[in-house]
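A.B. asks: Please find data-v8.csv (CSV, C-alpha atoms) on the next line:
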chain,number,residue,atom,x,y,z
A,1,MET,CA,17.6,17.8,-65.8
A,2,ASP,CA,14.0,16.7,-65.4
A,3,ARG,CA,13.8,19.3,-62.6
A,4,ILE,CA,14.9,22.3,-64.7
A,5,ASP,CA,12.2,25.0,-64.4
A,6,LEU,CA,12.3,27.5,-67.2
A,7,THR,CA,9.0,29.1,-66.3
A,8,ASN,CA,9.0,32.9,-67.0
A,9,ARG,CA,12.1,32.5,-69.1
A,10,SER,CA,12.1,33.5,-72.8
A,11,ALA,CA,14.2,31.8,-75.5
A,12,ILE,CA,14.9,32.2,-79.2
A,13,VAL,CA,15.7,29.1,-81.2
A,14,THR,CA,16.9,29.6,-84.8
A,15,GLY,CA,16.5,26.9,-87.3
A,16,ALA,CA,13.5,25.7,-85.2
A,17,GLY,CA,11.4,24.5,-88.1
A,18,ARG,CA,12.8,21.0,-88.1
A,19,GLY,CA,15.6,18.7,-86.9
A,20,ILE,CA,17.8,19.8,-84.0
A,21,GLY,CA,16.2,23.2,-83.8
A,22,ARG,CA,12.7,21.8,-83.5
A,23,ALA,CA,13.8,19.3,-80.8
A,24,ILE,CA,15.5,22.1,-78.8
A,25,ALA,CA,12.4,24.4,-79.1
A,26,ILE,CA,10.0,21.7,-78.0
A,27,MET,CA,12.2,20.6,-75.1
A,28,LEU,CA,12.7,24.2,-73.8
A,29,ALA,CA,8.9,24.7,-74.0
A,30,GLU,CA,8.3,21.4,-72.2
A,31,HIS,CA,10.3,22.9,-69.3
A,32,GLY,CA,8.3,26.0,-69.2
A,33,ALA,CA,10.1,28.5,-71.4
A,34,HIS,CA,8.3,30.8,-73.8
A,35,VAL,CA,10.0,30.0,-77.1
A,36,ILE,CA,10.4,32.3,-80.2
A,37,VAL,CA,10.5,29.7,-83.0
A,38,ALA,CA,12.5,31.1,-85.9
A,39,ALA,CA,13.4,29.7,-89.3
A,40,ARG,CA,13.1,30.5,-93.0
A,41,THR,CA,10.0,28.4,-93.8
A,42,LYS,CA,6.7,29.6,-92.3
A,43,SER,CA,4.9,26.3,-92.6
A,44,GLU,CA,7.7,24.5,-90.6
A,45,ILE,CA,7.8,27.0,-87.8
A,46,ASP,CA,4.0,27.1,-87.6
A,47,GLU,CA,4.1,23.3,-87.3
A,48,THR,CA,6.7,23.5,-84.5
A,49,ALA,CA,4.7,26.1,-82.7
A,50,ALA,CA,1.5,24.0,-83.0
A,51,MET,CA,3.3,21.0,-81.6
A,52,ILE,CA,4.4,23.1,-78.6
A,53,ALA,CA,0.9,24.5,-78.1
A,54,HIS,CA,-0.6,21.0,-78.3
A,55,TYR,CA,1.3,20.0,-75.3
A,56,GLY,CA,0.5,23.1,-73.4
A,57,GLY,CA,3.6,25.1,-74.1
A,58,SER,CA,4.1,28.7,-75.2
A,59,ALA,CA,5.6,29.5,-78.6
A,60,PHE,CA,5.6,32.3,-81.1
A,61,PRO,CA,6.7,31.6,-84.7
A,62,VAL,CA,8.8,34.2,-86.6
A,63,VAL,CA,10.1,33.9,-90.2
A,64,LEU,CA,13.8,34.5,-90.2
A,65,ASN,CA,16.3,35.0,-93.0
A,66,LEU,CA,19.8,35.0,-91.4
A,67,ALA,CA,21.3,36.5,-94.5
A,68,ASP,CA,19.2,39.6,-94.1
A,69,VAL,CA,20.2,42.1,-91.4
A,70,LYS,CA,16.7,43.6,-91.2
A,71,SER,CA,15.2,40.1,-90.7
A,72,ILE,CA,17.5,39.5,-87.7
A,73,GLN,CA,16.7,42.9,-86.2
A,74,SER,CA,13.0,42.3,-86.7
A,75,LEU,CA,13.3,38.9,-84.8
A,76,PHE,CA,14.7,40.6,-81.8
A,77,SER,CA,12.2,43.5,-81.9
A,78,LEU,CA,9.4,41.0,-81.9
A,79,THR,CA,11.0,39.2,-79.0
A,80,ILE,CA,10.9,42.4,-77.0
A,81,LYS,CA,7.3,42.9,-77.8
A,82,THR,CA,6.1,39.3,-77.3
A,83,ALA,CA,8.4,38.1,-74.5
A,84,LYS,CA,9.4,41.4,-72.8
A,85,GLY,CA,13.1,40.4,-73.0
A,86,LEU,CA,15.4,37.5,-73.7
A,87,ASP,CA,17.0,34.9,-71.4
A,88,ILE,CA,18.2,32.2,-73.8
A,89,LEU,CA,19.4,32.3,-77.4
A,90,VAL,CA,20.1,29.1,-79.2
A,91,ASN,CA,21.8,29.7,-82.6
A,92,ASN,CA,21.1,26.5,-84.4
A,93,ALA,CA,20.2,27.6,-88.0
A,94,GLY,CA,22.7,27.0,-90.7
A,95,ILE,CA,23.1,25.9,-94.3
A,96,GLY,CA,25.5,23.5,-95.9
A,97,LYS,CA,26.8,23.6,-99.5
A,98,TYR,CA,29.4,21.0,-100.5
A,99,GLY,CA,32.0,20.4,-103.2
A,100,ALA,CA,35.7,20.1,-103.9
A,101,ILE,CA,37.7,23.3,-103.1
A,102,ALA,CA,39.0,23.5,-106.6
A,103,ASP,CA,35.5,23.7,-108.1
A,104,PHE,CA,33.6,25.5,-105.3
A,105,SER,CA,32.1,28.8,-106.4
A,106,GLY,CA,32.6,32.1,-104.6
A,107,GLU,CA,28.9,32.6,-104.6
A,108,ASN,CA,28.3,29.4,-102.7
A,109,LEU,CA,31.1,30.2,-100.2
A,110,GLN,CA,29.5,33.6,-99.6
A,111,ASP,CA,26.1,32.1,-99.0
A,112,VAL,CA,27.5,29.8,-96.3
A,113,ILE,CA,29.5,32.5,-94.6
A,114,ASP,CA,26.6,35.0,-94.7
A,115,VAL,CA,24.2,32.6,-93.0
A,116,ASN,CA,26.3,30.5,-90.7
A,117,VAL,CA,28.9,33.0,-89.6
A,118,ARG,CA,27.6,36.5,-90.2
A,119,GLY,CA,24.0,35.6,-89.2
A,120,THR,CA,25.1,33.8,-86.0
A,121,TYR,CA,27.4,36.8,-85.1
A,122,LEU,CA,24.6,39.3,-85.6
A,123,CYS,CA,22.2,37.2,-83.5
A,124,CYS,CA,24.8,37.1,-80.7
A,125,GLN,CA,25.2,40.8,-81.0
A,126,GLU,CA,21.5,41.6,-80.7
A,127,ALA,CA,21.1,39.1,-77.8
A,128,MET,CA,23.9,40.8,-75.9
A,129,LYS,CA,22.2,44.2,-76.3
A,130,LEU,CA,19.2,42.7,-74.5
A,131,MET,CA,21.1,40.7,-71.9
A,132,ILE,CA,23.8,43.2,-70.8
A,133,PRO,CA,21.4,45.6,-69.1
A,134,LYS,CA,19.9,42.9,-66.9
A,135,LYS,CA,23.3,41.1,-66.4
A,136,SER,CA,22.0,37.6,-67.1
A,137,GLY,CA,21.4,35.3,-70.0
A,138,TYR,CA,22.8,32.3,-71.9
A,139,ILE,CA,23.8,32.1,-75.6
A,140,ILE,CA,24.3,28.6,-76.9
A,141,ASN,CA,25.7,28.1,-80.4
A,142,ILE,CA,25.3,24.9,-82.3
A,143,ALA,CA,28.4,24.2,-84.4
A,144,SER,CA,29.5,20.7,-85.5
A,145,VAL,CA,32.2,18.1,-85.2
A,146,VAL,CA,33.6,19.8,-88.3
A,147,GLY,CA,34.3,22.7,-86.1
A,148,PHE,CA,37.5,20.9,-85.2
A,149,LYS,CA,37.8,18.2,-87.8
A,150,GLY,CA,37.9,18.3,-91.6
A,151,TYR,CA,36.2,16.2,-94.2
A,152,PRO,CA,36.5,16.2,-98.0
A,153,ASN,CA,34.1,18.4,-99.9
A,154,GLN,CA,33.0,20.3,-96.8
A,155,SER,CA,35.5,23.1,-96.8
A,156,ALA,CA,33.0,26.0,-96.7
A,157,TYR,CA,30.8,24.4,-94.1
A,158,THR,CA,33.8,23.4,-92.1
A,159,ALA,CA,35.2,26.9,-92.2
A,160,SER,CA,31.9,28.3,-91.0
A,161,LYS,CA,31.7,26.0,-88.1
A,162,HIS,CA,35.4,26.7,-87.1
A,163,ALA,CA,34.3,30.3,-87.1
A,164,ILE,CA,31.4,29.7,-84.8
A,165,VAL,CA,33.6,27.9,-82.3
A,166,GLY,CA,36.0,30.8,-82.3
A,167,LEU,CA,33.2,33.3,-82.1
A,168,THR,CA,31.7,31.5,-79.1
A,169,LYS,CA,35.0,31.3,-77.2
A,170,SER,CA,35.6,35.1,-77.6
A,171,LEU,CA,32.0,35.8,-76.7
A,172,ALA,CA,32.2,33.7,-73.5
A,173,ALA,CA,35.3,35.7,-72.4
A,174,GLU,CA,33.6,39.0,-73.2
A,175,ALA,CA,30.2,38.1,-71.8
A,176,GLN,CA,31.4,37.0,-68.4
A,177,ALA,CA,31.9,40.6,-67.2
A,178,HIS,CA,28.1,40.9,-67.6
A,179,GLN,CA,27.2,37.6,-65.9
A,180,ILE,CA,26.2,36.2,-69.2
A,181,ARG,CA,27.3,32.8,-70.3
A,182,ALA,CA,28.1,31.4,-73.8
A,183,SER,CA,28.8,27.9,-74.9
A,184,VAL,CA,29.2,26.0,-78.2
A,185,ILE,CA,28.0,22.5,-78.8
A,186,ASN,CA,29.7,20.4,-81.5
A,187,PRO,CA,27.5,17.5,-82.3
A,188,GLY,CA,28.8,14.5,-84.2
A,189,GLY,CA,26.6,12.8,-86.8
A,190,THR,CA,23.0,13.5,-86.1
A,191,ASP,CA,20.0,12.3,-88.1
A,192,THR,CA,18.9,15.5,-89.9
A,193,ASP,CA,18.3,16.5,-93.5
A,194,LEU,CA,21.6,18.4,-93.5
A,195,ILE,CA,23.7,15.4,-92.7
A,196,ALA,CA,21.8,13.3,-95.2
A,197,ALA,CA,22.9,15.8,-97.9
A,198,ALA,CA,26.5,16.1,-96.6
A,199,ARG,CA,27.1,12.4,-95.8
A,200,PRO,CA,24.8,10.2,-97.8
A,201,ASP,CA,27.2,7.3,-97.1
A,202,LEU,CA,26.2,7.3,-93.4
A,203,ASP,CA,23.7,4.7,-92.1
A,204,PRO,CA,21.0,6.7,-90.2
A,205,SER,CA,20.9,3.9,-87.6
A,206,ILE,CA,24.4,4.9,-86.3
A,207,LEU,CA,23.5,8.6,-85.9
A,208,MET,CA,22.4,10.5,-82.9
A,209,GLN,CA,18.9,11.9,-82.8
A,210,PRO,CA,18.1,15.7,-82.6
A,211,GLU,CA,16.7,15.1,-79.1
A,212,ASP,CA,20.2,14.1,-77.9
A,213,VAL,CA,21.5,17.5,-78.8
A,214,ALA,CA,18.5,19.1,-77.2
A,215,GLN,CA,19.3,17.3,-74.0
A,216,THR,CA,22.8,18.8,-74.1
A,217,VAL,CA,21.3,22.3,-74.3
A,218,LEU,CA,19.3,21.4,-71.1
A,219,PHE,CA,22.4,20.2,-69.4
A,220,LEU,CA,24.1,23.6,-70.0
A,221,LEU,CA,21.1,25.4,-68.7
A,222,SER,CA,21.1,23.2,-65.6
A,223,LEU,CA,24.6,24.3,-64.6
A,224,SER,CA,25.2,26.1,-61.3
A,225,GLU,CA,25.7,29.8,-61.6
A,226,ARG,CA,29.3,29.1,-60.4
A,227,CYS,CA,30.1,27.0,-63.5
A,228,ALA,CA,30.7,27.7,-67.1
A,229,ILE,CA,31.4,25.4,-70.1
A,230,ASP,CA,32.9,26.9,-73.2
A,231,GLU,CA,32.7,23.9,-75.5
A,232,ILE,CA,31.0,20.4,-75.7
A,233,TYR,CA,31.6,17.7,-78.2
A,234,ILE,CA,28.9,15.1,-78.2
A,235,ARG,CA,28.9,11.9,-80.3
A,236,ARG,CA,27.1,8.6,-80.4
A,237,ARG,CA,28.6,6.4,-77.7
A,238,SER,CA,28.6,3.1,-79.7
A,239,SER,CA,30.3,4.4,-82.8
A,240,GLN,CA,33.6,6.0,-83.8
A,241,PRO,CA,33.7,9.8,-83.9
A,242,PHE,CA,32.5,11.2,-87.2
Show this structure as structure tokens.
C.D. replies:
Amino acid sequence: MDRIDLTNRSAIVTGAGRGIGRAIAIMLAEHGAHVIVAARTKSEIDETAAMIAHYGGSAFPVVLNLADVKSIQSLFSLTIKTAKGLDILVNNAGIGKYGAIADFSGENLQDVIDVNVRGTYLCCQEAMKLMIPKKSGYIINIASVVGFKGYPNQSAYTASKHAIVGLTKSLAAEAQAHQIRASVINPGGTDTDLIAAARPDLDPSILMQPEDVAQTVLFLLSLSERCAIDEIYIRRRSSQPF
């Protein structure tokens, strides 16, 4: 993977202000890609873009609200203007809200679905519009181990990640006619702010690091054009699956 050359390739990474998204954005830039760094908090994406620039990479920060259709459309319009197209989309952004099903509010459920499912879906849709005419591109969605395994008090988050897994499998089947690939990565426990809120019982020392997930994105991008991978589950080797 050290030999991957992404020069002259453009990428969007959502949720790139911190954690897994930041690690992915930095790693793509290190391999030559021009990265559109998108997330809700301007100060965080500015910091990610500055880190990329410090090491000689190319990045452009864009504030993104995945619950807002116009914000998503603006992201892709800016991508056309700043990068002249799109080669790679990494849908990493998401929110988590937790609680027992019996007490979970409809408002919180809608928030999770709007961002994690609807937002990811619309980003895939906009990316396909840019990738289909040139018959190339790669869409990588970051889901979670909860995309196939349930945990107490995580029903809304789990439902959203199941949806992303299903969305990606359908997208992969649809996109192949246009020489576009789509994959979903299901990370196990990774040391991020989100898992700290969801699983405060976990010792951070047993968790993967965001860079481990970023390396998995690079692995997918390193595949021969003859190959396609629909789904990857990655977990820490020395621990039990989360």
A.B. asks: Please compute the CA of Thr14 in chain A-CA of Asn91 in chain A distance, one decimal, in Å.
C.D. replies: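 So the answer is 5.4 Å.
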A.B. asks: Quick one, how far is CA of Cys123 in chain A from CA of Ser10 in chain A?
C.D. replies: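 Straight-line distance from CA of Cys123 in chain A to CA of Ser10 in chain A works out to 15.2 Å.
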A.B. asks: May I have the protein, DNA and RNA residues with any atom at most 10 Å from the point (34.0, 26.5, -90.6), counting all atoms listed in the file, written as number ranges by chain?
C.D. replies: A: 112-113, 116-117, 143-144, 146-150, 154-166
A.B. asks: Select, from A:Lys169, A:Lys42, A:Arg236, A:Arg226, the residue with the minimum atom-to-atom distance to Gly189 in chain A, counting only C-alpha atoms.
C.D. replies: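 Among the listed residues, the smallest separation from Gly189 in chain A belongs to A:Arg236.
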A.B. asks: What gap, in Å, lies between CA of Ala173 in chain A and CA of Gly94 in chain A?
C.D. replies: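 Separating CA of Ala173 in chain A from CA of Gly94 in chain A is a distance of 23.9 Å.
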A.B. asks: Please provide the set of residues having any atom within 10 Å of Leu220 in chain A, restricted to all atoms listed in the file, with same-chain residues fewer than 4 positions apart removed, written as a ChimeraX atom specification.
C.D. replies: /A:1,138,140,181-185,215-216,224,227-230,232
A.B. asks: Can you tell me, as number ranges by chain, what residues are no more than 7 Å from Leu86 in chain A when counting all atoms listed in the file, ignoring any on the same chain fewer than 5 positions away?
C.D. replies: A: 10-11, 130-131
A.B. asks: Of the candidates A:Gly19, A:Gly119, A:Gly32, A:Gly99, which one gets nearest to Pro210 in chain A if we count all atoms listed in the file?
C.D. replies: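 Among the listed residues, A:Gly19 lies closest to Pro210 in chain A.
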A.B. asks: Please list as number ranges by chain every residue within 10 Å of range 52-65 of chain A, counting only C-alpha atoms and excluding residues in the same chain fewer than 2 positions away.
C.D. replies: A: 10-17, 22, 25-50, 67-76, 78-79, 82-83, 93, 115, 119
A.B. asks: Considering all atoms listed in the file, return as a list in words whatever protein or nucleic-acid residues lie within 8 Å of Glu211 in chain A, sequence-local ones (same chain, fewer than 5 positions apart) excluded.
C.D. replies: Ile20, Ala23 and Ile24 of chain A
A.B. asks: Let me make sure I understand: among A:Arg3, A:Pro187, A:Arg9, A:Ala102, which one has the smallest atom-to-atom distance to Pro152 in chain A if we use all atoms listed in the file?
C.D. replies: A:Ala102
A.B. asks: Could you check the closest approach to Ala127 in chain A for each of A:Ala172, A:Ile95, A:Ile139, A:Leu221 and tell me which residue wins, using all atoms listed in the file?
C.D. replies: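 Closest candidate: A:Ile139.
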A.B. asks: Considering all atoms listed in the file, can you say which of A:Thr120, A:Thr7, A:Tyr151, A:Gln179 comes closest to Ala100 in chain A?
C.D. replies: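 Counting all atoms listed in the file, the residue closest to Ala100 in chain A is A:Tyr151.
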A.B. asks: Between A:Asn153, A:Leu89, A:Leu218, A:Lys134, which residue has the minimum interatomic distance to Leu6 in chain A, considering all atoms listed in the file?
C.D. replies: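 Among the listed residues, the smallest separation from Leu6 in chain A belongs to A:Leu218.
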A.B. asks: Which residues are near Gly137 in chain A? Cut-off 6 Å, only C-alpha atoms, ignore same chain within fewer than 6 positions. Put them as a PyMOL selection string.
C.D. replies: chain A and resi 87-88+131+180
A.B. asks: Any chance you can output those residues with C-alpha atoms as a PDB file, in the coordinates of the input?
C.D. replies:
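Written out: result06.pdb:
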ATOM      1  CA  ASP A  87      17.000  34.900 -71.400  1.00  0.00           C
ATOM      2  CA  ILE A  88      18.200  32.200 -73.800  1.00  0.00           C
ATOM      3  CA  MET A 131      21.100  40.700 -71.900  1.00  0.00           C
ATOM      4  CA  ILE A 180      26.200  36.200 -69.200  1.00  0.00           C
TER       5      ILE A 180
END
